[in-house]
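K.L.:
Attaching a single structure in C-alpha coordinates format; questions to follow.
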Amino acid sequence: MKVIIHDLDSQYAGMMEAACDRVIAADGKYAPCQGCFGCWTKHPAECRMKDTLHQVCRIVGQADELVIVTKNLYGEYSANVKNVLDRAIGSSTPFSTYRGRQMHHTLRYGKHSLLKLIVWGDITEGEKATFRFRAERNALNDGFERAEVHFVKDLTELEALI
Amino acid sequence: MKTVFINCSPKKRFCASAYFLALQKLFVGGKKVTEKLRTPADHARILEQLRDAQAAVFGLPLYVDGIPSHVLRFLEEMETFCKQNGISLNLYVVANNGFIEGRQNEGLMQSFEHFCARAGLTWGGGVGIGGGVMLNVTRILFLVDVGLLLLNTLLSAVNTGNLFPKDAWISFGENAALLLYFNLGVLFYLARMGGAIRRRAFSGKKYTRILIPSFVFILFADIFFIIISLFEGGLFRGWLARKQPEK
(Lines give C-alpha, C1' and ligand atoms only; values in the text may rest on other atoms or scores of the structure.)
Protein backbone atom coordinates (compact mmCIF):
# COMPACT_ATOMS: atom_id res chain seq x y z
CA MET A 1 0.00 0.00 0.00
CA LYS A 2 1.22 3.48 -0.86
CA VAL A 3 0.35 6.25 1.63
CA ILE A 4 0.90 10.01 1.33
CA ILE A 5 0.98 12.39 4.30
CA HIS A 6 0.96 16.04 3.23
CA ASP A 7 0.50 19.53 4.66
CA LEU A 8 -0.68 21.25 1.47
CA ASP A 9 -4.07 22.87 1.05
CA SER A 10 -7.13 21.25 -0.52
CA GLN A 11 -6.24 22.25 -4.11
CA TYR A 12 -3.69 19.41 -4.11
CA ALA A 13 -6.13 16.79 -2.82
CA GLY A 14 -6.99 15.38 -6.27
CA MET A 15 -3.34 15.03 -7.27
CA MET A 16 -2.53 13.22 -4.02
CA GLU A 17 -5.49 10.84 -4.23
CA ALA A 18 -4.62 9.88 -7.80
CA ALA A 19 -1.06 8.99 -6.80
CA CYS A 20 -1.64 6.57 -3.91
CA ASP A 21 -3.96 4.23 -2.02
CA ARG A 22 -4.48 6.44 1.03
CA VAL A 23 -4.00 10.15 1.74
CA ILE A 24 -3.56 11.63 5.21
CA ALA A 25 -4.15 15.38 5.09
CA ALA A 26 -2.05 16.98 7.82
CA ASP A 27 -4.43 19.89 8.33
CA GLY A 28 -3.80 20.43 12.03
CA LYS A 29 -7.39 19.64 13.04
CA TYR A 30 -6.33 17.17 15.70
CA ALA A 31 -4.63 17.04 19.09
CA PRO A 32 -0.92 16.52 19.76
CA CYS A 33 0.38 13.27 21.28
CA GLN A 34 0.11 13.22 25.08
CA GLY A 35 2.92 10.69 25.59
CA CYS A 36 0.65 8.30 27.52
CA PHE A 37 1.80 5.08 25.72
CA GLY A 38 -1.87 3.99 25.70
CA CYS A 39 -1.49 2.97 22.02
CA TRP A 40 0.89 0.28 23.30
CA THR A 41 -0.40 -0.57 26.76
CA LYS A 42 -4.15 0.11 26.93
CA HIS A 43 -5.76 0.07 23.49
CA PRO A 44 -3.08 -1.32 21.16
CA ALA A 45 -2.76 0.38 17.75
CA GLU A 46 -5.23 3.13 18.48
CA CYS A 47 -5.10 6.48 20.25
CA ARG A 48 -7.33 7.33 23.21
CA MET A 49 -8.10 10.69 21.55
CA LYS A 50 -10.97 10.12 19.16
CA ASP A 51 -10.20 12.65 16.45
CA THR A 52 -9.14 12.05 12.83
CA LEU A 53 -5.86 10.48 13.97
CA HIS A 54 -7.56 7.95 16.26
CA GLN A 55 -6.32 4.97 14.18
CA VAL A 56 -3.72 6.66 11.99
CA CYS A 57 -1.00 4.25 13.17
CA ARG A 58 -2.86 1.38 11.44
CA ILE A 59 -2.64 3.20 8.10
CA VAL A 60 0.96 4.40 8.47
CA GLY A 61 2.01 0.98 9.75
CA GLN A 62 0.70 -0.76 6.63
CA ALA A 63 2.36 1.64 4.19
CA ASP A 64 4.87 -0.27 2.10
CA GLU A 65 5.72 3.06 0.50
CA LEU A 66 5.29 6.18 2.63
CA VAL A 67 5.54 9.58 0.98
CA ILE A 68 5.69 12.63 3.27
CA VAL A 69 5.21 16.06 1.74
CA THR A 70 6.19 18.70 4.30
CA LYS A 71 7.15 22.30 4.65
CA ASN A 72 10.63 22.76 6.14
CA LEU A 73 10.74 23.91 9.74
CA TYR A 74 14.31 24.09 11.11
CA GLY A 75 15.20 20.82 9.35
CA GLU A 76 12.13 19.25 10.94
CA TYR A 77 8.72 18.34 9.57
CA SER A 78 6.06 21.04 9.77
CA ALA A 79 4.16 20.96 13.07
CA ASN A 80 1.05 19.54 11.36
CA VAL A 81 2.97 16.67 9.74
CA LYS A 82 5.01 15.96 12.88
CA ASN A 83 1.75 15.80 14.83
CA VAL A 84 0.59 12.96 12.55
CA LEU A 85 3.88 11.07 12.97
CA ASP A 86 3.89 11.54 16.77
CA ARG A 87 0.39 10.07 16.94
CA ALA A 88 1.39 7.06 14.79
CA ILE A 89 3.85 5.33 17.13
CA GLY A 90 1.32 2.54 17.68
CA SER A 91 2.55 1.18 14.33
CA SER A 92 5.34 -0.32 16.43
CA THR A 93 5.00 -2.48 19.54
CA PRO A 94 6.23 -1.74 23.07
CA PHE A 95 8.88 -4.48 22.73
CA SER A 96 12.42 -3.42 21.98
CA THR A 97 15.10 -4.84 19.71
CA TYR A 98 18.37 -3.84 18.05
CA ARG A 99 18.28 -2.32 14.54
CA GLY A 100 21.37 -0.66 13.09
CA ARG A 101 23.18 -1.48 16.37
CA GLN A 102 20.77 0.72 18.30
CA MET A 103 17.68 0.12 20.39
CA HIS A 104 14.36 0.45 18.56
CA HIS A 105 10.83 -0.90 18.92
CA THR A 106 9.75 -4.01 17.03
CA LEU A 107 7.41 -3.38 14.11
CA ARG A 108 3.73 -4.29 14.43
CA TYR A 109 3.25 -4.52 10.65
CA GLY A 110 6.72 -5.70 9.60
CA LYS A 111 9.23 -4.00 7.32
CA HIS A 112 8.47 -1.45 4.60
CA SER A 113 10.24 -0.66 1.34
CA LEU A 114 10.49 3.11 0.77
CA LEU A 115 10.28 6.30 2.85
CA LYS A 116 10.22 9.33 0.56
CA LEU A 117 10.39 12.86 1.95
CA ILE A 118 9.48 15.79 -0.29
CA VAL A 119 10.41 19.05 1.41
CA TRP A 120 9.12 22.42 0.27
CA GLY A 121 9.62 25.98 1.44
CA ASP A 122 12.63 28.14 2.30
CA ILE A 123 15.54 25.96 3.43
CA THR A 124 19.25 26.40 4.24
CA GLU A 125 22.04 23.96 3.37
CA GLY A 126 22.34 23.04 7.05
CA GLU A 127 18.63 22.24 7.26
CA LYS A 128 18.91 20.11 4.12
CA ALA A 129 21.70 18.11 5.76
CA THR A 130 19.53 17.63 8.85
CA PHE A 131 16.63 16.43 6.69
CA ARG A 132 18.86 13.83 5.01
CA PHE A 133 20.00 12.70 8.45
CA ARG A 134 16.38 12.66 9.68
CA ALA A 135 15.24 10.52 6.76
CA GLU A 136 17.89 7.91 7.54
CA ARG A 137 16.97 7.95 11.23
CA ASN A 138 13.23 7.64 10.55
CA ALA A 139 13.83 4.84 8.03
CA LEU A 140 15.85 2.89 10.58
CA ASN A 141 13.40 3.55 13.40
CA ASP A 142 10.33 2.57 11.37
CA GLY A 143 11.87 -0.32 9.43
CA PHE A 144 12.08 1.11 5.89
CA GLU A 145 14.61 -0.52 3.56
CA ARG A 146 15.59 2.81 2.01
CA ALA A 147 14.93 6.53 2.23
CA GLU A 148 14.87 9.33 -0.33
CA VAL A 149 14.78 13.08 0.25
CA HIS A 150 13.77 15.61 -2.42
CA PHE A 151 13.79 19.39 -2.00
CA VAL A 152 11.40 21.32 -4.22
CA LYS A 153 11.63 25.04 -4.90
CA ASP A 154 8.27 25.13 -6.58
CA LEU A 155 5.24 22.95 -5.88
CA THR A 156 4.80 22.42 -9.64
CA GLU A 157 7.67 19.90 -9.30
CA LEU A 158 5.55 17.84 -6.93
CA GLU A 159 3.51 15.77 -9.38
CA ALA A 160 6.58 14.15 -10.93
CA LEU A 161 7.94 13.19 -7.50
CA ILE A 162 4.92 11.64 -5.81
CA MET B 1 21.01 36.87 35.28
CA LYS B 2 17.61 35.36 34.54
CA THR B 3 17.22 31.83 33.16
CA VAL B 4 13.86 30.45 32.01
CA PHE B 5 13.48 26.68 32.25
CA ILE B 6 10.77 25.41 29.90
CA ASN B 7 9.39 21.95 30.67
CA CYS B 8 7.94 20.79 27.33
CA SER B 9 6.63 17.40 28.39
CA PRO B 10 2.96 16.95 27.46
CA LYS B 11 2.47 14.93 30.66
CA LYS B 12 0.96 16.69 33.66
CA ARG B 13 3.17 15.09 36.33
CA PHE B 14 6.00 12.62 37.00
CA CYS B 15 7.62 13.44 33.66
CA ALA B 16 11.30 12.78 33.01
CA SER B 17 11.79 16.28 31.56
CA ALA B 18 10.83 17.84 34.92
CA TYR B 19 13.34 15.60 36.68
CA PHE B 20 16.23 16.55 34.39
CA LEU B 21 15.36 20.24 34.49
CA ALA B 22 15.29 20.09 38.31
CA LEU B 23 18.80 18.58 38.22
CA GLN B 24 19.94 21.22 35.71
CA LYS B 25 18.66 24.00 37.97
CA LEU B 26 20.97 22.78 40.76
CA PHE B 27 23.94 23.90 38.66
CA VAL B 28 22.63 27.31 37.55
CA GLY B 29 22.68 30.47 39.65
CA GLY B 30 20.80 33.77 39.43
CA LYS B 31 17.06 34.19 38.98
CA LYS B 32 15.40 30.97 37.86
CA VAL B 33 11.88 30.76 36.40
CA THR B 34 10.23 27.47 35.46
CA GLU B 35 7.41 27.29 32.92
CA LYS B 36 5.31 24.42 31.58
CA LEU B 37 4.62 24.16 27.85
CA ARG B 38 1.72 21.82 27.08
CA THR B 39 -0.79 23.76 24.99
CA PRO B 40 -0.98 26.97 22.88
CA ALA B 41 -2.56 28.64 25.93
CA ASP B 42 0.92 28.54 27.53
CA HIS B 43 2.67 30.40 24.69
CA ALA B 44 2.03 34.05 25.60
CA ARG B 45 2.97 33.56 29.26
CA ILE B 46 6.29 31.88 28.41
CA LEU B 47 7.17 34.45 25.73
CA GLU B 48 6.69 37.25 28.25
CA GLN B 49 9.13 35.52 30.60
CA LEU B 50 11.70 35.39 27.78
CA ARG B 51 11.55 39.14 27.22
CA ASP B 52 14.14 39.98 29.93
CA ALA B 53 15.88 36.58 30.16
CA GLN B 54 19.53 35.99 29.34
CA ALA B 55 19.18 32.23 28.89
CA ALA B 56 16.47 29.66 28.17
CA VAL B 57 16.70 25.93 28.82
CA PHE B 58 14.27 23.63 27.02
CA GLY B 59 13.62 20.28 28.69
CA LEU B 60 11.79 17.89 26.38
CA PRO B 61 11.31 14.30 25.29
CA LEU B 62 12.38 12.97 21.88
CA TYR B 63 9.38 12.09 19.69
CA VAL B 64 9.93 10.12 16.46
CA ASP B 65 13.60 11.17 16.21
CA GLY B 66 12.70 14.84 16.61
CA ILE B 67 10.94 17.66 18.39
CA PRO B 68 7.34 17.00 19.57
CA SER B 69 4.75 18.80 17.43
CA HIS B 70 3.39 21.00 20.23
CA VAL B 71 6.94 22.33 20.79
CA LEU B 72 7.38 23.03 17.06
CA ARG B 73 4.23 25.19 17.16
CA PHE B 74 5.73 27.16 20.06
CA LEU B 75 9.10 27.58 18.31
CA GLU B 76 7.39 29.08 15.24
CA GLU B 77 5.73 31.67 17.47
CA MET B 78 8.89 32.22 19.48
CA GLU B 79 10.90 32.91 16.30
CA THR B 80 8.54 35.74 15.37
CA PHE B 81 8.47 37.07 18.95
CA CYS B 82 12.28 37.11 19.26
CA LYS B 83 12.72 38.91 15.93
CA GLN B 84 10.07 41.52 16.70
CA ASN B 85 11.44 42.25 20.17
CA GLY B 86 15.16 42.00 19.48
CA ILE B 87 15.67 39.18 21.97
CA SER B 88 19.18 37.73 22.04
CA LEU B 89 19.30 35.10 24.75
CA ASN B 90 21.39 31.90 24.87
CA LEU B 91 19.42 28.72 24.31
CA TYR B 92 20.23 25.31 25.80
CA VAL B 93 18.45 21.96 25.51
CA VAL B 94 18.08 18.97 27.85
CA ALA B 95 16.50 16.22 25.77
CA ASN B 96 15.69 12.69 26.83
CA ASN B 97 14.53 9.59 25.02
CA GLY B 98 13.15 6.21 26.04
CA PHE B 99 15.79 4.25 24.14
CA ILE B 100 19.10 3.82 25.91
CA GLU B 101 21.33 5.71 23.45
CA GLY B 102 21.37 9.44 24.23
CA ARG B 103 22.90 9.96 20.78
CA GLN B 104 19.48 9.32 19.24
CA ASN B 105 18.71 12.97 20.18
CA GLU B 106 21.13 14.27 17.52
CA GLY B 107 18.41 15.24 14.99
CA LEU B 108 16.51 17.16 17.67
CA MET B 109 19.66 19.07 18.64
CA GLN B 110 20.38 19.99 15.03
CA SER B 111 16.87 21.41 14.61
CA PHE B 112 17.22 23.56 17.75
CA GLU B 113 20.49 24.89 16.34
CA HIS B 114 18.73 25.80 13.07
CA PHE B 115 15.93 27.42 15.08
CA CYS B 116 18.46 29.62 16.90
CA ALA B 117 19.99 30.72 13.60
CA ARG B 118 16.58 31.75 12.23
CA ALA B 119 15.40 33.43 15.43
CA GLY B 120 18.63 35.39 16.00
CA LEU B 121 19.43 33.55 19.24
CA THR B 122 22.73 32.08 20.44
CA TRP B 123 22.86 28.30 20.35
CA GLY B 124 24.43 27.19 23.62
CA GLY B 125 24.29 23.42 23.12
CA GLY B 126 22.54 20.57 24.83
CA VAL B 127 22.63 17.27 26.68
CA GLY B 128 20.89 14.25 25.14
CA ILE B 129 19.96 11.59 27.69
CA GLY B 130 19.20 7.96 26.90
CA GLY B 131 16.96 5.89 29.18
CA GLY B 132 15.06 8.98 30.35
CA VAL B 133 11.97 7.11 31.54
CA MET B 134 14.00 4.64 33.58
CA LEU B 135 16.14 7.40 35.11
CA ASN B 136 12.94 9.15 36.08
CA VAL B 137 11.90 5.96 37.88
CA THR B 138 15.15 6.11 39.92
CA ARG B 139 13.99 9.32 41.61
CA ILE B 140 10.73 7.61 42.59
CA LEU B 141 12.70 4.63 43.92
CA PHE B 142 14.86 7.03 45.94
CA LEU B 143 11.76 8.53 47.56
CA VAL B 144 10.52 5.00 48.35
CA ASP B 145 13.90 4.25 49.96
CA VAL B 146 13.66 7.41 52.09
CA GLY B 147 10.14 6.38 53.15
CA LEU B 148 11.32 2.89 54.10
CA LEU B 149 14.20 4.34 56.11
CA LEU B 150 11.86 6.62 58.05
CA LEU B 151 9.45 3.73 58.68
CA ASN B 152 12.25 1.46 59.92
CA THR B 153 13.59 4.23 62.15
CA LEU B 154 10.13 4.79 63.63
CA LEU B 155 9.58 1.06 64.25
CA SER B 156 13.04 0.75 65.78
CA ALA B 157 12.41 3.72 68.07
CA VAL B 158 9.04 2.35 69.23
CA ASN B 159 10.21 -1.25 69.72
CA THR B 160 13.76 -0.82 71.07
CA GLY B 161 14.26 2.90 71.67
CA ASN B 162 17.08 2.88 69.08
CA LEU B 163 16.88 5.95 66.80
CA PHE B 164 19.68 4.74 64.51
CA PRO B 165 18.86 1.24 63.17
CA LYS B 166 22.17 0.31 61.56
CA ASP B 167 20.87 -2.31 59.11
CA ALA B 168 18.21 0.06 57.76
CA TRP B 169 20.79 2.78 57.18
CA ILE B 170 23.20 0.38 55.44
CA SER B 171 20.41 -0.83 53.18
CA PHE B 172 19.40 2.77 52.42
CA GLY B 173 23.01 3.74 51.69
CA GLU B 174 23.50 0.81 49.32
CA ASN B 175 20.31 1.58 47.39
CA ALA B 176 21.01 5.31 47.23
CA ALA B 177 24.56 4.68 45.97
CA LEU B 178 23.24 2.39 43.22
CA LEU B 179 20.63 4.95 42.11
CA LEU B 180 23.27 7.68 42.16
CA TYR B 181 25.54 5.52 40.00
CA PHE B 182 22.79 5.12 37.36
CA ASN B 183 22.56 8.96 37.21
CA LEU B 184 26.29 9.77 37.24
CA GLY B 185 26.62 10.45 33.50
CA VAL B 186 23.61 12.75 33.55
CA LEU B 187 24.86 14.64 36.62
CA PHE B 188 28.31 15.12 35.10
CA TYR B 189 27.06 16.57 31.81
CA LEU B 190 24.33 18.70 33.41
CA ALA B 191 26.91 20.14 35.86
CA ARG B 192 29.17 20.87 32.91
CA MET B 193 26.38 22.59 30.96
CA GLY B 194 25.32 24.45 34.11
CA GLY B 195 28.76 26.08 34.16
CA ALA B 196 28.31 27.13 30.54
CA ILE B 197 24.84 28.57 31.26
CA ARG B 198 26.26 30.62 34.16
CA ARG B 199 28.95 32.04 31.87
CA ARG B 200 26.53 32.32 28.90
CA ALA B 201 29.06 30.22 27.00
CA PHE B 202 28.84 27.48 24.37
CA SER B 203 28.57 24.03 25.87
CA GLY B 204 28.42 21.82 22.75
CA LYS B 205 26.26 18.74 22.21
CA LYS B 206 26.88 15.96 24.69
CA TYR B 207 25.20 12.57 24.92
CA THR B 208 24.89 10.31 27.91
CA ARG B 209 22.62 7.55 29.27
CA ILE B 210 21.59 5.53 32.26
CA LEU B 211 24.71 3.64 33.27
CA ILE B 212 23.65 0.05 32.71
CA PRO B 213 24.36 -2.36 29.80
CA SER B 214 21.87 -1.99 26.95
CA PHE B 215 20.79 -5.68 26.96
CA VAL B 216 19.87 -5.36 30.65
CA PHE B 217 18.04 -2.11 29.87
CA ILE B 218 16.03 -3.74 27.07
CA LEU B 219 15.09 -6.64 29.35
CA PHE B 220 13.83 -4.23 32.03
CA ALA B 221 12.03 -2.08 29.43
CA ASP B 222 10.19 -5.15 28.09
CA ILE B 223 9.22 -6.27 31.59
CA PHE B 224 8.06 -2.72 32.37
CA PHE B 225 5.75 -2.66 29.36
CA ILE B 226 4.41 -6.16 30.04
CA ILE B 227 3.46 -5.16 33.60
CA ILE B 228 1.89 -1.83 32.52
CA SER B 229 0.00 -3.55 29.68
CA LEU B 230 -1.22 -6.20 32.09
CA PHE B 231 -2.67 -3.60 34.46
CA GLU B 232 -4.08 -1.39 31.70
CA GLY B 233 -5.56 -4.34 29.82
CA GLY B 234 -3.77 -3.89 26.51
CA LEU B 235 -2.23 -7.35 26.90
CA PHE B 236 -5.71 -8.83 26.31
CA ARG B 237 -6.79 -6.50 23.50
CA GLY B 238 -4.62 -7.73 20.63
CA TRP B 239 -1.41 -6.47 22.15
CA LEU B 240 0.87 -7.27 19.18
CA ALA B 241 -1.82 -7.86 16.52
CA ARG B 242 -1.73 -6.33 13.04
CA LYS B 243 -4.98 -4.44 13.45
CA GLN B 244 -6.87 -3.03 10.44
CA PRO B 245 -8.39 0.46 10.30
CA GLU B 246 -12.10 0.37 11.15
CA LYS B 247 -13.02 2.98 8.52
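Identifiers for the C-alpha coordinates are assigned positionally: chains receive A, B, ... in sequence, residues are indexed from 1 per chain, and ligands are indexed from 1 in the order shown.
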Which residues are close to Met16 (chain A), i.e. within 9 Å by only C-alpha atoms, leaving aside same-chain residues fewer than 6 positions away? Reply as a list of chain:residue names.

P.N.:
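Near Met16 (chain A), the qualifying residues are A:Ile4, A:His6, A:Arg22, A:Val23, A:Glu159, A:Ile162.
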
K.L.:
Leaving out Ala191 (chain B) and any residue of its chain fewer than 6 positions from it, which residues lie within 12 Å of it when counting only C-alpha atoms, given as a PyMOL selection string?

P.N.:
chain B and resi 20-29+94+126-127+184-185+197-198+203+206

K.L.:
Would you give me, as a PDB file with N, CA and C atoms, in the first residue's frame, the residues in region 5-110 of chain A that DSSP reads as helix (DSSP H, G or I)?

P.N.:
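To be explicit, this is the file written out as result_10.pdb:
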ATOM      1  N   SER A  10      -6.212  22.186   0.138  1.00  0.00           N
ATOM      2  CA  SER A  10      -7.125  21.246  -0.520  1.00  0.00           C
ATOM      3  C   SER A  10      -6.989  21.243  -2.047  1.00  0.00           C
ATOM      4  N   GLN A  11      -6.364  22.237  -2.643  1.00  0.00           N
ATOM      5  CA  GLN A  11      -6.235  22.255  -4.105  1.00  0.00           C
ATOM      6  C   GLN A  11      -5.341  21.115  -4.611  1.00  0.00           C
ATOM      7  N   TYR A  12      -4.550  20.523  -3.721  1.00  0.00           N
ATOM      8  CA  TYR A  12      -3.685  19.411  -4.111  1.00  0.00           C
ATOM      9  C   TYR A  12      -4.318  18.045  -3.813  1.00  0.00           C
ATOM     10  N   ALA A  13      -5.511  18.038  -3.257  1.00  0.00           N
ATOM     11  CA  ALA A  13      -6.131  16.787  -2.816  1.00  0.00           C
ATOM     12  C   ALA A  13      -6.298  15.795  -3.971  1.00  0.00           C
ATOM     13  N   GLY A  14      -6.770  16.262  -5.125  1.00  0.00           N
ATOM     14  CA  GLY A  14      -6.987  15.379  -6.266  1.00  0.00           C
ATOM     15  C   GLY A  14      -5.698  14.738  -6.744  1.00  0.00           C
ATOM     16  N   MET A  15      -4.637  15.541  -6.827  1.00  0.00           N
ATOM     17  CA  MET A  15      -3.336  15.027  -7.268  1.00  0.00           C
ATOM     18  C   MET A  15      -2.839  13.940  -6.320  1.00  0.00           C
ATOM     19  N   MET A  16      -3.005  14.176  -5.030  1.00  0.00           N
ATOM     20  CA  MET A  16      -2.531  13.216  -4.022  1.00  0.00           C
ATOM     21  C   MET A  16      -3.322  11.912  -4.104  1.00  0.00           C
ATOM     22  N   GLU A  17      -4.637  12.043  -4.210  1.00  0.00           N
ATOM     23  CA  GLU A  17      -5.486  10.840  -4.229  1.00  0.00           C
ATOM     24  C   GLU A  17      -5.216   9.979  -5.453  1.00  0.00           C
ATOM     25  N   ALA A  18      -4.883  10.634  -6.567  1.00  0.00           N
ATOM     26  CA  ALA A  18      -4.619   9.883  -7.798  1.00  0.00           C
ATOM     27  C   ALA A  18      -3.304   9.125  -7.739  1.00  0.00           C
ATOM     28  N   ALA A  19      -2.418   9.544  -6.813  1.00  0.00           N
ATOM     29  CA  ALA A  19      -1.060   8.986  -6.802  1.00  0.00           C
ATOM     30  C   ALA A  19      -0.850   7.884  -5.771  1.00  0.00           C
ATOM     31  N   GLY A  38      -0.633   4.788  25.736  1.00  0.00           N
ATOM     32  CA  GLY A  38      -1.870   3.994  25.695  1.00  0.00           C
ATOM     33  C   GLY A  38      -2.010   3.202  24.402  1.00  0.00           C
ATOM     34  N   CYS A  39      -1.416   3.698  23.308  1.00  0.00           N
ATOM     35  CA  CYS A  39      -1.491   2.972  22.019  1.00  0.00           C
ATOM     36  C   CYS A  39      -0.630   1.716  22.035  1.00  0.00           C
ATOM     37  N   TRP A  40       0.143   1.530  23.101  1.00  0.00           N
ATOM     38  CA  TRP A  40       0.894   0.283  23.302  1.00  0.00           C
ATOM     39  C   TRP A  40       0.293  -0.543  24.441  1.00  0.00           C
ATOM     40  N   THR A  41      -0.117   0.157  25.514  1.00  0.00           N
ATOM     41  CA  THR A  41      -0.400  -0.567  26.758  1.00  0.00           C
ATOM     42  C   THR A  41      -1.881  -0.702  27.107  1.00  0.00           C
ATOM     43  N   VAL A  56      -4.658   6.344  13.072  1.00  0.00           N
ATOM     44  CA  VAL A  56      -3.718   6.656  11.986  1.00  0.00           C
ATOM     45  C   VAL A  56      -2.521   5.703  11.968  1.00  0.00           C
ATOM     46  N   CYS A  57      -2.156   5.161  13.124  1.00  0.00           N
ATOM     47  CA  CYS A  57      -1.003   4.250  13.167  1.00  0.00           C
ATOM     48  C   CYS A  57      -1.266   2.991  12.345  1.00  0.00           C
ATOM     49  N   ARG A  58      -2.542   2.595  12.210  1.00  0.00           N
ATOM     50  CA  ARG A  58      -2.863   1.379  11.445  1.00  0.00           C
ATOM     51  C   ARG A  58      -2.663   1.616   9.944  1.00  0.00           C
ATOM     52  N   ILE A  59      -2.840   2.859   9.523  1.00  0.00           N
ATOM     53  CA  ILE A  59      -2.636   3.196   8.100  1.00  0.00           C
ATOM     54  C   ILE A  59      -1.137   3.369   7.825  1.00  0.00           C
ATOM     55  N   VAL A  60      -0.482   4.163   8.654  1.00  0.00           N
ATOM     56  CA  VAL A  60       0.956   4.403   8.470  1.00  0.00           C
ATOM     57  C   VAL A  60       1.734   3.084   8.589  1.00  0.00           C
ATOM     58  N   GLY A  61       1.315   2.251   9.525  1.00  0.00           N
ATOM     59  CA  GLY A  61       2.011   0.981   9.752  1.00  0.00           C
ATOM     60  C   GLY A  61       1.938   0.045   8.561  1.00  0.00           C
ATOM     61  N   ALA A  79       4.831  21.396  11.835  1.00  0.00           N
ATOM     62  CA  ALA A  79       4.161  20.956  13.070  1.00  0.00           C
ATOM     63  C   ALA A  79       2.963  20.052  12.758  1.00  0.00           C
ATOM     64  N   ASN A  80       2.226  20.366  11.689  1.00  0.00           N
ATOM     65  CA  ASN A  80       1.053  19.544  11.356  1.00  0.00           C
ATOM     66  C   ASN A  80       1.435  18.124  10.946  1.00  0.00           C
ATOM     67  N   VAL A  81       2.521  18.003  10.158  1.00  0.00           N
ATOM     68  CA  VAL A  81       2.971  16.667   9.740  1.00  0.00           C
ATOM     69  C   VAL A  81       3.570  15.918  10.933  1.00  0.00           C
ATOM     70  N   LYS A  82       4.377  16.622  11.730  1.00  0.00           N
ATOM     71  CA  LYS A  82       5.011  15.965  12.881  1.00  0.00           C
ATOM     72  C   LYS A  82       3.952  15.458  13.856  1.00  0.00           C
ATOM     73  N   ASN A  83       2.862  16.209  13.966  1.00  0.00           N
ATOM     74  CA  ASN A  83       1.750  15.797  14.827  1.00  0.00           C
ATOM     75  C   ASN A  83       1.207  14.425  14.399  1.00  0.00           C
ATOM     76  N   VAL A  84       1.067  14.240  13.078  1.00  0.00           N
ATOM     77  CA  VAL A  84       0.588  12.956  12.553  1.00  0.00           C
ATOM     78  C   VAL A  84       1.576  11.840  12.916  1.00  0.00           C
ATOM     79  N   LEU A  85       2.860  12.097  12.700  1.00  0.00           N
ATOM     80  CA  LEU A  85       3.880  11.071  12.970  1.00  0.00           C
ATOM     81  C   LEU A  85       3.956  10.743  14.467  1.00  0.00           C
ATOM     82  N   ASP A  86       3.861  11.777  15.309  1.00  0.00           N
ATOM     83  CA  ASP A  86       3.891  11.544  16.767  1.00  0.00           C
ATOM     84  C   ASP A  86       2.734  10.655  17.204  1.00  0.00           C
ATOM     85  N   ILE A  89       2.842   6.259  16.593  1.00  0.00           N
ATOM     86  CA  ILE A  89       3.853   5.325  17.125  1.00  0.00           C
ATOM     87  C   ILE A  89       3.266   3.954  17.465  1.00  0.00           C
ATOM     88  N   GLY A  90       1.947   3.858  17.475  1.00  0.00           N
ATOM     89  CA  GLY A  90       1.322   2.545  17.681  1.00  0.00           C
ATOM     90  C   GLY A  90       1.565   1.593  16.523  1.00  0.00           C
ATOM     91  N   SER A  91       2.189   2.075  15.438  1.00  0.00           N
ATOM     92  CA  SER A  91       2.547   1.175  14.334  1.00  0.00           C
ATOM     93  C   SER A  91       3.705   0.265  14.739  1.00  0.00           C
TER      94      SER A  91
END

K.L.:
Contacts from chain A to chain B, 8 Å maximum, only C-alpha atoms: show me the residue list as number ranges by chain.

P.N.:
A: 32-36, 40-45, 55-56, 58-59, 74-76, 78-80, 82-83, 85-86, 89, 93-97, 102-104, 108-109, 126-127, 130, 133-134, 137-138

K.L.:
What separation in Å, quoted to one decimal, exists between CA of Phe182 (chain B) and CA of Leu211 (chain B)?

P.N.:
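Those two atoms sit 4.8 Å apart.
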
K.L.:
Would you return as number ranges by chain the members of region 145-218 of chain B that DSSP assigns to strand (DSSP E) on this structure's backbone?

P.N.:
B: 204-209

K.L.:
What gap, in Å, lies between CA of Leu91 (chain B) and CA of Glu136 (chain A)?

P.N.:
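Here the two named atoms are 26.8 Å from each other.
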
K.L.:
Between CA of Ile170 (chain B) and CA of Ala157 (chain B), what is the distance, to one decimal in Å?

P.N.:
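The value is 16.9 Å.
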
K.L.:
Would you pick out the contacts of Arg139 (chain B) at 12 Å or less, using only C-alpha atoms, so that residues sharing its chain but fewer than 4 positions from it are not included, and give the list as a VMD selection string?

P.N.:
chain B and resid 14 to 16 18 to 20 22 to 23 132 to 135 143 to 146 175 to 176 178 to 180 182 to 183

K.L.:
Contacts of Ser171 (chain B) at 10 Å or less, counting only C-alpha atoms, minus same-chain residues fewer than 6 places along, as a list in words?

P.N.:
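Close residues of Ser171 (chain B): Asp145, Leu148, Leu149 and Ala177 of chain B.
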
K.L.:
Quick one: of A:Ala63, A:Ile24, A:Ala31, A:Leu155, who's nearest to Arg48 (chain A), counting only C-alpha atoms?

P.N.:
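Among the listed residues, the smallest separation from Arg48 (chain A) belongs to A:Ala31.
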